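Asker: What follows is structure33.pdb, made up of PDB, C-alpha atoms:
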ATOM      1  CA  MET D 958       2.761 -29.259 -12.569
ATOM      2  CA  VAL D 959       4.937 -26.141 -12.555
ATOM      3  CA  THR D 960       3.701 -23.485 -14.946
ATOM      4  CA  ASP D 961       5.849 -20.820 -16.546
ATOM      5  CA  MET D 962       3.600 -18.087 -15.200
ATOM      6  CA  ILE D 963       4.617 -18.602 -11.562
ATOM      7  CA  ARG D 964       7.837 -17.106 -10.211
ATOM      8  CA  VAL D 965       9.016 -18.075  -6.760
ATOM      9  CA  ALA D 966      11.433 -16.296  -4.450
ATOM     10  CA  ARG D 967      12.403 -17.991  -1.214
ATOM     11  CA  GLY D 968      14.039 -16.640   1.894
ATOM     12  CA  ARG D 969      14.605 -17.928   5.401
ATOM     13  CA  ASP D 970      11.185 -19.230   6.524
ATOM     14  CA  PHE D 971       9.461 -17.152   3.846
ATOM     15  CA  SER D 972       8.242 -17.627   0.241
ATOM     16  CA  TRP D 973       6.949 -15.201  -2.372
ATOM     17  CA  TYR D 974       4.889 -16.513  -5.297
ATOM     18  CA  ASP D 975       4.270 -14.155  -8.198
ATOM     19  CA  VAL D 976       1.632 -15.237 -10.720
ATOM     20  CA  GLU D 977       1.059 -13.455 -14.034
ATOM     21  CA  GLN D 978      -2.149 -14.254 -15.921
ATOM     22  CA  PRO D 979      -3.235 -16.919 -13.409
ATOM     23  CA  THR D 980      -4.842 -20.126 -14.645
ATOM     24  CA  ALA D 981      -6.611 -23.051 -13.023
ATOM     25  CA  ASP D 982      -3.308 -24.975 -13.043
ATOM     26  CA  ASP D 983      -1.648 -22.122 -11.149
ATOM     27  CA  ALA D 984      -4.441 -22.196  -8.574
ATOM     28  CA  ARG D 985      -3.994 -25.956  -8.096
ATOM     29  CA  ARG D 986      -0.255 -25.532  -7.554
ATOM     30  CA  LEU D 987      -0.817 -22.790  -4.982
ATOM     31  CA  ASP D 988      -3.391 -24.990  -3.266
ATOM     32  CA  ALA D 989      -0.853 -27.813  -3.045
ATOM     33  CA  GLU D 990       1.977 -25.661  -1.685
ATOM     34  CA  LEU D 991       0.238 -23.034   0.465
ATOM     35  CA  PRO D 992      -2.599 -23.063   3.045
ATOM     36  CA  ILE D 993      -4.907 -20.858   0.951
ATOM     37  CA  HIS D 994      -8.657 -20.968   1.441
ATOM     38  CA  SER D 995     -10.637 -22.446  -1.458
ATOM     39  CA  LEU D 996     -12.693 -19.248  -1.802
ATOM     40  CA  VAL D 997      -9.515 -17.282  -2.455
ATOM     41  CA  LEU D 998      -8.368 -19.770  -5.098
ATOM     42  CA  GLU D 999     -11.705 -19.437  -6.851
ATOM     43  CA  GLU D1000     -11.311 -15.659  -7.060
ATOM     44  CA  LEU D1001      -7.675 -15.629  -8.145
ATOM     45  CA  VAL D1002      -8.324 -16.756 -11.717
ATOM     46  CA  PRO D1003     -11.152 -14.401 -12.808
ATOM     47  CA  GLN D1004     -10.586 -10.684 -12.394
ATOM     48  CA  VAL D1005     -12.545  -9.278  -9.426
ATOM     49  CA  ARG D1006     -12.310  -5.646 -10.646
ATOM     50  CA  HIS D1007     -13.396  -4.230  -7.275
ATOM     51  CA  PRO D1008     -11.022  -3.474  -4.358
ATOM     52  CA  LYS D1009     -11.736  -5.504  -1.249
ATOM     53  CA  LEU D1010     -10.196  -7.210   1.775
ATOM     54  CA  ASP D1011     -11.210 -10.681   2.991
ATOM     55  CA  ILE D1012      -9.953 -12.173   6.259
ATOM     56  CA  PHE D1013      -9.446 -15.939   6.470
ATOM     57  CA  GLY D1014      -7.912 -16.381   9.910
ATOM     58  CA  THR D1015      -4.337 -17.336   9.016
ATOM     59  CA  HIS D1016      -4.158 -15.200   5.875
ATOM     60  CA  LEU D1017      -5.647 -12.139   4.182
ATOM     61  CA  PHE D1018      -6.875 -11.641   0.621
ATOM     62  CA  VAL D1019      -6.539  -8.125  -0.807
ATOM     63  CA  VAL D1020      -7.735  -6.944  -4.207
ATOM     64  CA  LEU D1021      -6.575  -3.551  -5.499
ATOM     65  CA  THR D1022      -7.251  -1.635  -8.707
ATOM     66  CA  ILE D1023      -4.177   0.272  -9.876
ATOM     67  CA  PRO D1024      -4.641   3.356 -12.097
ATOM     68  CA  ILE D1025      -1.891   3.802 -14.691
ATOM     69  CA  LEU D1026      -1.750   7.191 -16.428
ATOM     70  CA  GLU D1027      -0.759   6.920 -20.094
ATOM     71  CA  ARG D1028      -0.279   9.867 -22.458
ATOM     72  CA  ASP D1029       0.236   9.748 -26.220
ATOM     73  CA  PRO D1030       3.280  11.972 -27.006
ATOM     74  CA  LYS D1031       1.973  12.691 -30.517
ATOM     75  CA  THR D1032      -1.645  13.609 -29.837
ATOM     76  CA  GLU D1033      -1.088  14.482 -26.142
ATOM     77  CA  ALA D1034      -4.302  12.582 -25.399
ATOM     78  CA  SER D1035      -4.303  10.906 -22.000
ATOM     79  CA  THR D1036      -5.910   7.685 -20.832
ATOM     80  CA  VAL D1037      -6.013   5.879 -17.496
ATOM     81  CA  ARG D1038      -5.555   2.116 -17.618
ATOM     82  CA  LEU D1039      -6.882   0.150 -14.650
ATOM     83  CA  ASP D1040      -4.872  -2.924 -13.636
ATOM     84  CA  GLU D1041      -5.799  -5.393 -10.924
ATOM     85  CA  LEU D1042      -3.399  -6.735  -8.305
ATOM     86  CA  ASP D1043      -4.409  -9.562  -5.959
ATOM     87  CA  LEU D1044      -2.428 -10.096  -2.755
ATOM     88  CA  VAL D1045      -2.732 -13.161  -0.524
ATOM     89  CA  PHE D1046      -0.413 -13.358   2.464
ATOM     90  CA  GLY D1047       0.162 -15.110   5.735
ATOM     91  CA  ASN D1048       2.889 -14.677   8.314
ATOM     92  CA  SER D1049       5.461 -16.649   6.267
ATOM     93  CA  TRP D1050       4.359 -16.354   2.636
ATOM     94  CA  ILE D1051       2.841 -13.981   0.092
ATOM     95  CA  VAL D1052       1.201 -14.420  -3.313
ATOM     96  CA  THR D1053       0.967 -11.618  -5.862
ATOM     97  CA  SER D1054      -1.359 -12.235  -8.817
ATOM     98  CA  HIS D1055      -1.950  -9.959 -11.796
ATOM     99  CA  TYR D1056      -2.931 -10.026 -15.467
ATOM    100  CA  ARG D1057      -0.523  -7.313 -16.652
ATOM    101  CA  ARG D1058       3.012  -6.396 -15.724
ATOM    102  CA  ILE D1059       2.999  -4.461 -12.439
ATOM    103  CA  ASP D1060       6.092  -2.281 -12.004
ATOM    104  CA  ALA D1061       5.759  -2.243  -8.208
ATOM    105  CA  VAL D1062       6.082  -6.053  -8.226
ATOM    106  CA  ASP D1063       8.644  -6.533 -10.988
ATOM    107  CA  THR D1064      11.079  -3.983  -9.608
ATOM    108  CA  LEU D1065      11.102  -5.783  -6.245
ATOM    109  CA  PHE D1066      11.144  -9.382  -7.440
ATOM    110  CA  PRO D1067      14.680 -10.828  -7.725
ATOM    111  CA  GLU D1068      15.890 -10.835 -11.337
ATOM    112  CA  GLU D1069      17.194 -14.388 -11.157
ATOM    113  CA  ALA D1070      13.588 -15.586 -10.817
ATOM    114  CA  ASN D1071      13.200 -14.869 -14.542
ATOM    115  CA  GLY D1072      15.470 -17.794 -15.406
ATOM    116  CA  SER D1073      14.463 -21.296 -16.423
ATOM    117  CA  ASP D1074      13.756 -22.555 -12.902
ATOM    118  CA  ARG D1075      11.926 -19.278 -12.009
ATOM    119  CA  VAL D1076      13.084 -19.628  -8.377
ATOM    120  CA  ALA D1077      15.172 -16.978  -6.628
ATOM    121  CA  ARG D1078      16.615 -16.389  -3.192
ATOM    122  CA  LEU D1079      15.482 -13.508  -1.018
ATOM    123  CA  THR D1080      18.009 -11.777   1.203
ATOM    124  CA  THR D1081      17.541 -11.834   4.954
ATOM    125  CA  THR D1082      16.643  -8.143   5.187
ATOM    126  CA  ASP D1083      13.710  -8.190   2.753
ATOM    127  CA  ALA D1084      12.391 -11.697   3.459
ATOM    128  CA  THR D1085       9.389 -10.651   5.532
ATOM    129  CA  PRO D1086       5.755 -10.203   4.519
ATOM    130  CA  THR D1087       5.665  -6.760   6.125
ATOM    131  CA  ALA D1088       8.683  -5.482   4.171
ATOM    132  CA  ILE D1089       7.478  -6.825   0.830
ATOM    133  CA  LEU D1090       3.850  -5.791   1.334
ATOM    134  CA  TYR D1091       4.818  -2.306   2.416
ATOM    135  CA  SER D1092       7.236  -1.914  -0.504
ATOM    136  CA  ILE D1093       4.652  -3.045  -3.084
ATOM    137  CA  LEU D1094       1.791  -0.958  -1.701
ATOM    138  CA  SER D1095       4.029   2.047  -1.074
ATOM    139  CA  ARG D1096       5.256   2.016  -4.682
ATOM    140  CA  ILE D1097       1.705   1.701  -5.986
ATOM    141  CA  LEU D1098       0.574   4.703  -3.938
ATOM    142  CA  GLN D1099       3.672   6.693  -4.890
ATOM    143  CA  GLN D1100       3.003   5.960  -8.549
ATOM    144  CA  SER D1101      -0.513   7.331  -8.111
ATOM    145  CA  ILE D1102       0.800  10.440  -6.343
ATOM    146  CA  THR D1103       3.263  11.027  -9.204
ATOM    147  CA  SER D1104       0.497  10.638 -11.793
ATOM    148  CA  LEU D1105      -1.747  13.030  -9.881
ATOM    149  CA  GLY D1106       1.164  15.490  -9.799
ATOM    150  CA  ILE D1107       1.242  15.370 -13.609
ATOM    151  CA  ILE D1108      -2.523  15.951 -13.703
ATOM    152  CA  GLU D1109      -2.115  18.838 -11.270
ATOM    153  CA  GLU D1110       0.446  20.465 -13.592
ATOM    154  CA  ARG D1111      -2.007  20.125 -16.488
ATOM    155  CA  VAL D1112      -4.734  21.727 -14.376
ATOM    156  CA  GLU D1113      -2.455  24.677 -13.575
ATOM    157  CA  ARG D1114      -1.629  25.076 -17.267
ATOM    158  CA  VAL D1115      -5.319  25.082 -18.203
ATOM    159  CA  GLU D1116      -5.992  27.556 -15.401
ATOM    160  CA  ASN D1117      -3.619  30.000 -17.087
ATOM    161  CA  GLU D1118      -5.262  29.451 -20.487
ATOM    162  CA  VAL D1119      -8.915  29.368 -19.465
ATOM    163  CA  SER D1120      -9.360  33.119 -20.081
ATOM    164  CA  LEU D1121      -8.793  32.457 -23.795
ATOM    165  CA  ALA D1122     -11.992  30.348 -23.950
ATOM    166  CA  GLU D1123     -10.565  28.325 -26.844
ATOM    167  CA  ARG D1124     -11.648  24.920 -28.111
ATOM    168  CA  LYS D1125      -8.420  23.245 -26.909
ATOM    169  CA  VAL D1126      -9.198  24.391 -23.348
ATOM    170  CA  VAL D1127     -12.573  22.634 -23.508
ATOM    171  CA  THR D1128     -10.891  19.471 -24.828
ATOM    172  CA  GLU D1129      -8.206  19.498 -22.121
ATOM    173  CA  LEU D1130     -10.771  20.083 -19.375
ATOM    174  CA  SER D1131     -12.782  17.140 -20.680
ATOM    175  CA  GLN D1132      -9.689  14.885 -20.600
ATOM    176  CA  LEU D1133      -8.780  16.067 -17.114
ATOM    177  CA  ARG D1134     -12.276  15.367 -15.825
ATOM    178  CA  ARG D1135     -12.190  11.864 -17.325
ATOM    179  CA  ASP D1136      -8.730  11.102 -15.887
ATOM    180  CA  ILE D1137      -9.760  12.270 -12.414
ATOM    181  CA  ILE D1138     -12.949  10.201 -12.584
ATOM    182  CA  ASP D1139     -10.899   7.100 -13.497
ATOM    183  CA  PHE D1140      -8.500   7.702 -10.598
ATOM    184  CA  ARG D1141     -11.395   8.203  -8.198
ATOM    185  CA  ARG D1142     -13.073   5.040  -9.475
ATOM    186  CA  ALA D1143      -9.899   3.067  -8.741
ATOM    187  CA  LEU D1144      -8.706   4.672  -5.508
ATOM    188  CA  SER D1145     -11.870   5.755  -3.675
ATOM    189  CA  PRO D1146     -12.921   2.124  -3.003
ATOM    190  CA  ALA D1147      -9.344   1.431  -1.873
ATOM    191  CA  ARG D1148      -9.644   3.785   1.117
ATOM    192  CA  PRO D1149     -11.719   1.385   3.262
ATOM    193  CA  VAL D1150      -9.460  -1.472   2.116
ATOM    194  CA  PHE D1151      -6.347   0.264   3.455
ATOM    195  CA  ARG D1152      -8.134   1.206   6.679
ATOM    196  CA  ALA D1153      -9.239  -2.404   7.142
ATOM    197  CA  LEU D1154      -5.709  -3.591   6.322
ATOM    198  CA  ASP D1155      -4.375  -1.237   8.987
ATOM    199  CA  ASP D1156      -6.556  -3.063  11.527
ATOM    200  CA  ALA D1157      -6.252  -6.646  10.237
ATOM    201  CA  ALA D1158      -2.583  -6.951   9.208
ATOM    202  CA  PRO D1159      -0.737  -6.217  12.517
ATOM    203  CA  PRO D1160      -2.415  -9.067  14.449
ATOM    204  CA  LEU D1161      -1.333 -11.437  11.687
ATOM    205  CA  LEU D1162       2.135 -10.060  10.925
ATOM    206  CA  GLY D1163       3.069  -8.687  14.331
ATOM    207  CA  SER D1164       2.693  -5.393  16.156
ATOM    208  CA  GLU D1165       5.936  -4.080  14.661
ATOM    209  CA  SER D1166       4.156  -3.887  11.292
ATOM    210  CA  ALA D1167       1.505  -1.426  12.563
ATOM    211  CA  PRO D1168       3.467   1.794  11.747
ATOM    212  CA  TYR D1169       3.953   0.664   8.147
ATOM    213  CA  PHE D1170       0.277   0.036   7.492
ATOM    214  CA  ARG D1171      -0.639   3.226   9.350
ATOM    215  CA  ASN D1172       1.675   5.072   6.963
ATOM    216  CA  LEU D1173      -0.082   3.505   3.976
ATOM    217  CA  THR D1174      -3.460   4.570   5.342
ATOM    218  CA  GLY D1175      -2.224   8.127   5.708
ATOM    219  CA  ARG D1176      -0.983   8.167   2.134
ATOM    220  CA  ILE D1177      -4.256   6.893   0.674
ATOM    221  CA  GLU D1178      -6.034   9.644   2.622
ATOM    222  CA  GLN D1179      -3.578  12.147   1.136
ATOM    223  CA  ILE D1180      -4.404  10.855  -2.344
ATOM    224  CA  SER D1181      -8.122  11.070  -1.621
ATOM    225  CA  THR D1182      -7.761  14.705  -0.524
ATOM    226  CA  LEU D1183      -5.724  15.556  -3.624
ATOM    227  CA  LEU D1184      -8.324  13.914  -5.874
ATOM    228  CA  LYS D1185     -11.079  15.923  -4.221
ATOM    229  CA  ILE D1186      -9.155  19.181  -4.718
ATOM    230  CA  LEU D1187      -8.431  18.354  -8.375
ATOM    231  CA  LYS D1188     -12.074  17.450  -8.988
ATOM    232  CA  GLU D1189     -13.351  20.691  -7.477
ATOM    233  CA  THR D1190     -10.721  22.741  -9.341
ATOM    234  CA  VAL D1191     -11.587  21.234 -12.717
ATOM    235  CA  GLU D1192     -15.303  21.745 -12.077
ATOM    236  CA  ALA D1193     -14.657  25.401 -11.193
ATOM    237  CA  LEU D1194     -12.539  25.855 -14.337
ATOM    238  CA  GLU D1195     -15.275  24.278 -16.441
ATOM    239  CA  GLU D1196     -17.832  26.684 -14.995
ATOM    240  CA  THR D1197     -15.505  29.636 -15.592
ATOM    241  CA  ASN D1198     -14.741  28.529 -19.132
ATOM    242  CA  GLN D1199     -18.449  28.015 -19.864
ATOM    243  CA  ALA D1200     -19.235  31.485 -18.487
ATOM    244  CA  LEU D1201     -16.545  33.028 -20.697
ATOM    245  CA  ILE D1202     -17.830  31.200 -23.761
ATOM    246  CA  THR D1203     -21.393  32.311 -22.986
ATOM    247  CA  THR D1204     -20.259  35.910 -22.535
ATOM    248  CA  ARG D1205     -18.333  35.842 -25.807
ATOM    249  CA  THR D1206     -21.328  34.324 -27.614
ATOM    250  CA  ASN D1207     -23.644  36.963 -26.160
ATOM    251  CA  ASP D1208     -21.249  39.710 -27.295
ATOM    252  CA  ILE D1209     -21.210  38.340 -30.841
ATOM    253  CA  VAL D1210     -25.011  38.023 -30.917
ATOM    254  CA  ARG D1211     -25.364  41.560 -29.558
ATOM    255  CA  ILE D1212     -23.010  42.974 -32.199
ATOM    256  CA  PHE D1213     -24.904  41.306 -35.027
ATOM    257  CA  THR D1214     -28.206  42.415 -33.525
ATOM    258  CA  VAL D1215     -27.011  46.037 -33.388
ATOM    259  CA  ILE D1216     -25.721  45.858 -36.972
ATOM    260  CA  THR D1217     -29.044  44.452 -38.121
ATOM    261  CA  ALA D1218     -30.986  47.098 -36.223
ATOM    262  CA  LEU D1219     -28.834  49.913 -37.649
ATOM    263  CA  MET D1220     -29.223  48.672 -41.208
ATOM    264  CA  LEU D1221     -32.999  48.527 -41.121
ATOM    265  CA  PRO D1222     -33.717  52.321 -41.151
ATOM    266  CA  PRO D1223     -31.479  53.175 -44.146
ATOM    267  CA  ALA D1224     -32.839  50.161 -45.965
ATOM    268  CA  LEU D1225     -36.344  51.489 -45.355
ATOM    269  CA  VAL D1226     -35.401  54.992 -46.596
ATOM    270  CA  THR D1227     -33.750  53.708 -49.755
ATOM    271  CA  ALA D1228     -36.667  51.370 -50.374
ATOM    272  CA  ILE D1229     -39.148  54.238 -50.181
ATOM    273  CA  PHE D1230     -37.217  56.398 -52.600
ATOM    274  CA  SER D1231     -36.708  53.521 -54.976
ATOM    275  CA  MET D1232     -40.472  53.344 -55.623
ATOM    276  CA  ASN D1233     -41.682  54.576 -59.022
ATOM    277  CA  LEU D1234     -43.789  57.409 -57.519
ATOM    278  CA  ARG D1235     -43.498  61.193 -57.207
ATOM    279  CA  TYR D1236     -42.344  62.599 -53.853
ATOM    280  CA  PRO D1237     -41.488  66.033 -52.538
ATOM    281  CA  PHE D1238     -37.948  67.075 -53.482
ATOM    282  CA  GLU D1239     -37.847  64.398 -56.158
ATOM    283  CA  ALA D1240     -37.410  66.874 -59.002
ATOM    284  CA  GLY D1241     -34.760  68.962 -57.203
ATOM    285  CA  VAL D1242     -31.086  68.735 -57.995
ATOM    286  CA  ASP D1243     -30.273  67.940 -54.359
ATOM    287  CA  THR D1244     -32.672  65.019 -54.040
ATOM    288  CA  PHE D1245     -29.864  62.443 -53.946
ATOM    289  CA  TRP D1246     -28.130  64.180 -51.076
ATOM    290  CA  TRP D1247     -31.388  64.451 -49.157
ATOM    291  CA  ILE D1248     -31.786  60.678 -49.434
ATOM    292  CA  VAL D1249     -28.194  60.101 -48.276
ATOM    293  CA  ALA D1250     -28.672  62.441 -45.320
ATOM    294  CA  ALA D1251     -31.893  60.729 -44.322
ATOM    295  CA  ALA D1252     -30.244  57.316 -44.505
ATOM    296  CA  LEU D1253     -27.256  58.446 -42.422
ATOM    297  CA  SER D1254     -29.492  60.094 -39.863
ATOM    298  CA  SER D1255     -31.485  56.880 -39.494
ATOM    299  CA  VAL D1256     -28.224  55.166 -38.550
ATOM    300  CA  ILE D1257     -26.561  57.849 -36.420
ATOM    301  CA  VAL D1258     -29.551  58.666 -34.213
ATOM    302  CA  PRO D1259     -30.178  55.026 -33.077
ATOM    303  CA  LEU D1260     -26.411  54.549 -32.682
ATOM    304  CA  LEU D1261     -26.126  57.522 -30.348
ATOM    305  CA  TRP D1262     -29.144  56.339 -28.393
ATOM    306  CA  LEU D1263     -27.630  52.825 -27.978
ATOM    307  CA  ARG D1264     -24.318  54.314 -26.845
ATOM    308  CA  ARG D1265     -26.097  56.487 -24.296
ATOM    309  CA  ARG D1266     -27.826  53.402 -22.904
ATOM    310  CA  ASN D1267     -24.428  51.599 -22.720
ATOM    311  CA  TRP D1268     -25.708  48.774 -24.876
ATOM    312  CA  ILE D1269     -22.721  48.980 -27.195
TER     313      ILE D1269
END
Just dump the structure as structure tokens.

Answerer:
Amino acid sequence: MVTDMIRVARGRDFSWYDVEQPTADDARRLDAELPIHSLVLEELVPQVRHPKLDIFGTHLFVVLTIPILERDPKTEASTVRLDELDLVFGNSWIVTSHYRRIDAVDTLFPEEANGSDRVARLTTTDATPTAILYSILSRILQQSITSLGIIEERVERVENEVSLAERKVVTELSQLRRDIIDFRRALSPARPVFRALDDAAPPLLGSESAPYFRNLTGRIEQISTLLKILKETVEALEETNQALITTRTNDIVRIFTVITALMLPPALVTAIFSMNLRYPFEAGVDTFWWIVAAALSSVIVPLLWLRRRNWI
């Protein structure tokens, strides 16, 4: 039974099956039309959620997690959505399976496959597993590089604002750290997958495909290096921002401590002279000014001493 979730594009001696939200019926159709191992069919329907590469002699099974950077234009809050893409391919066919729309797949798949029969024709130039695989994987990696470029611009902006030690800097650093963690969670496990694909794909697809997969391996290593740099930069900015906040807090505490210390002596003087007792100079006409002078002296002398010690 043909389901509406399978699109098919056919070329000369080559077929491309694209499955969105795969079901058991879709798996049975693929089993009837393609030489796919039963273990692969069992894993196509549930989401695997972890990148991997399985080799089954005549075909390979690749699972990738794709990070999609999303940013709310109103709140400017960012989130990273993780989508899964399953790839099964032999030397004359390929299956792409996913639960959400994948731009790297949809932009390559012929538009006429969206019609009622959901079958399209592939041109001679793109009807090879190597060309389609490289195009899909290359676009996925390029999308990640573009997203990391956006994150890098945000890091540079925060780097210029970190000296302000404001609350919004703390919030932005927290979002950046979370976004980088999500990208690392998706792409770090993909590194060994691409390296294994570089070794396993050319024997299956032909030696002429080796440069393409070697290029993909180099790009995932580039992404890994960029992620490491961004992670270390954000951690350094967090430490700097925390140090600035601590310094500012210590300055505020020190100021209030000095104010409190300076107010204690005059308070003591005024408290003594407010007692209902007789003291020297109490009956004189200048008693009030003596009290004021004593209070001011109790402030000025400690203040000068603190200034000399460079405490304020």

Asker: Excluding same-chain residues fewer than 4 positions from Leu1010 in chain D, what lies within 7 Å of it counting only C-alpha atoms, as a list of chain:residue names?

Answerer: D:Phe1018, D:Val1019, D:Val1020, D:Val1150

Asker: Give me, as a list in words, all polymer residues having an atom no more than 12 Å from Arg1006 in chain D, counting all atoms listed in the file and skipping those fewer than 2 positions away in the same chain.

Answerer: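 Surrounding residues, per the criterion: Glu1000, Leu1001, Val1002, Pro1003, Gln1004, Pro1008, Lys1009, Val1019, Val1020, Leu1021, Thr1022, Ile1023, Pro1024, Leu1039, Asp1040, Glu1041, Leu1042, Asp1043, His1055, Tyr1056, Arg1142, Ala1143, Pro1146 and Ala1147 of chain D.
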
Asker: Given the PyMOL selection byres ((chain D and resi 1051) around 9) and the file above, list the residues it selects as JSON, numbers by chain.

Answerer: {"D": [971, 972, 973, 974, 975, 1044, 1045, 1046, 1047, 1048, 1049, 1050, 1052, 1053, 1086, 1089, 1090]}

Asker: Box for range 969-981 of chain D: with edges along x, y and z, all listed atoms inside and 8 Å added on each side, what are the centre and edge lengths in Å to one decimal, as JSON?

Answerer:
{"center_x": 4.0, "center_y": -18.3, "center_z": -4.7, "size_x": 37.2, "size_y": 25.6, "size_z": 38.4}

Asker: One number please: CA of Leu996 in chain D to CA of Ala1157 in chain D, in Å, one decimal.

Answerer: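 Atom-to-atom, CA of Leu996 in chain D to CA of Ala1157 in chain D, that is 18.6 Å.
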
Asker: Env of range 1125-1131 of chain D: 12 Å cut, atoms = all atoms listed in the file, seq-sep filter 5 positions within chain, self excluded. Answer as a tab-separated table (two decimals) with C-alpha atoms, in the coordinates of the input.

Answerer:
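Saved result, result_4.tsv, follows:
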chain	number	residue	atom	x	y	z
D	1032	THR	CA	-1.64	13.61	-29.84
D	1033	GLU	CA	-1.09	14.48	-26.14
D	1034	ALA	CA	-4.30	12.58	-25.40
D	1035	SER	CA	-4.30	10.91	-22.00
D	1036	THR	CA	-5.91	7.68	-20.83
D	1108	ILE	CA	-2.52	15.95	-13.70
D	1109	GLU	CA	-2.12	18.84	-11.27
D	1111	ARG	CA	-2.01	20.12	-16.49
D	1112	VAL	CA	-4.73	21.73	-14.38
D	1113	GLU	CA	-2.46	24.68	-13.58
D	1114	ARG	CA	-1.63	25.08	-17.27
D	1115	VAL	CA	-5.32	25.08	-18.20
D	1116	GLU	CA	-5.99	27.56	-15.40
D	1117	ASN	CA	-3.62	30.00	-17.09
D	1118	GLU	CA	-5.26	29.45	-20.49
D	1119	VAL	CA	-8.91	29.37	-19.46
D	1120	SER	CA	-9.36	33.12	-20.08
D	1136	ASP	CA	-8.73	11.10	-15.89
D	1137	ILE	CA	-9.76	12.27	-12.41
D	1138	ILE	CA	-12.95	10.20	-12.58
D	1187	LEU	CA	-8.43	18.35	-8.38
D	1188	LYS	CA	-12.07	17.45	-8.99
D	1190	THR	CA	-10.72	22.74	-9.34
D	1191	VAL	CA	-11.59	21.23	-12.72
D	1192	GLU	CA	-15.30	21.74	-12.08
D	1193	ALA	CA	-14.66	25.40	-11.19
D	1194	LEU	CA	-12.54	25.86	-14.34
D	1195	GLU	CA	-15.28	24.28	-16.44
D	1196	GLU	CA	-17.83	26.68	-15.00
D	1197	THR	CA	-15.50	29.64	-15.59
D	1198	ASN	CA	-14.74	28.53	-19.13
D	1199	GLN	CA	-18.45	28.02	-19.86
D	1201	LEU	CA	-16.55	33.03	-20.70
D	1202	ILE	CA	-17.83	31.20	-23.76

Asker: Could range 1126-1139 of chain D be completed with N, CA and C atoms and returned as a PDB file, keeping the file's coordinate frame?

Answerer:
ATOM      1  N   VAL D1126      -8.984  24.349 -24.793  1.00  0.00           N
ATOM      2  CA  VAL D1126      -9.198  24.391 -23.348  1.00  0.00           C
ATOM      3  C   VAL D1126     -10.365  23.483 -22.971  1.00  0.00           C
ATOM      4  N   VAL D1127     -11.417  23.504 -23.763  1.00  0.00           N
ATOM      5  CA  VAL D1127     -12.573  22.634 -23.508  1.00  0.00           C
ATOM      6  C   VAL D1127     -12.160  21.174 -23.613  1.00  0.00           C
ATOM      7  N   THR D1128     -11.349  20.849 -24.639  1.00  0.00           N
ATOM      8  CA  THR D1128     -10.891  19.471 -24.828  1.00  0.00           C
ATOM      9  C   THR D1128     -10.025  19.009 -23.663  1.00  0.00           C
ATOM     10  N   GLU D1129      -9.098  19.859 -23.225  1.00  0.00           N
ATOM     11  CA  GLU D1129      -8.206  19.498 -22.121  1.00  0.00           C
ATOM     12  C   GLU D1129      -8.976  19.341 -20.818  1.00  0.00           C
ATOM     13  N   LEU D1130      -9.949  20.204 -20.579  1.00  0.00           N
ATOM     14  CA  LEU D1130     -10.771  20.083 -19.375  1.00  0.00           C
ATOM     15  C   LEU D1130     -11.555  18.779 -19.397  1.00  0.00           C
ATOM     16  N   SER D1131     -12.050  18.399 -20.567  1.00  0.00           N
ATOM     17  CA  SER D1131     -12.782  17.140 -20.680  1.00  0.00           C
ATOM     18  C   SER D1131     -11.875  15.956 -20.378  1.00  0.00           C
ATOM     19  N   GLN D1132     -10.634  15.965 -20.882  1.00  0.00           N
ATOM     20  CA  GLN D1132      -9.689  14.885 -20.600  1.00  0.00           C
ATOM     21  C   GLN D1132      -9.318  14.843 -19.122  1.00  0.00           C
ATOM     22  N   LEU D1133      -9.119  16.010 -18.538  1.00  0.00           N
ATOM     23  CA  LEU D1133      -8.780  16.067 -17.114  1.00  0.00           C
ATOM     24  C   LEU D1133      -9.907  15.507 -16.266  1.00  0.00           C
ATOM     25  N   ARG D1134     -11.134  15.882 -16.577  1.00  0.00           N
ATOM     26  CA  ARG D1134     -12.276  15.367 -15.825  1.00  0.00           C
ATOM     27  C   ARG D1134     -12.348  13.843 -15.930  1.00  0.00           C
ATOM     28  N   ARG D1135     -12.132  13.316 -17.136  1.00  0.00           N
ATOM     29  CA  ARG D1135     -12.190  11.864 -17.325  1.00  0.00           C
ATOM     30  C   ARG D1135     -11.073  11.162 -16.560  1.00  0.00           C
ATOM     31  N   ASP D1136      -9.851  11.719 -16.607  1.00  0.00           N
ATOM     32  CA  ASP D1136      -8.730  11.102 -15.887  1.00  0.00           C
ATOM     33  C   ASP D1136      -8.979  11.094 -14.381  1.00  0.00           C
ATOM     34  N   ILE D1137      -9.492  12.193 -13.851  1.00  0.00           N
ATOM     35  CA  ILE D1137      -9.760  12.270 -12.414  1.00  0.00           C
ATOM     36  C   ILE D1137     -10.857  11.300 -12.020  1.00  0.00           C
ATOM     37  N   ILE D1138     -11.878  11.163 -12.863  1.00  0.00           N
ATOM     38  CA  ILE D1138     -12.949  10.201 -12.584  1.00  0.00           C
ATOM     39  C   ILE D1138     -12.388   8.785 -12.533  1.00  0.00           C
ATOM     40  N   ASP D1139     -11.496   8.443 -13.474  1.00  0.00           N
ATOM     41  CA  ASP D1139     -10.899   7.100 -13.497  1.00  0.00           C
ATOM     42  C   ASP D1139     -10.052   6.852 -12.249  1.00  0.00           C
TER      43      ASP D1139
END
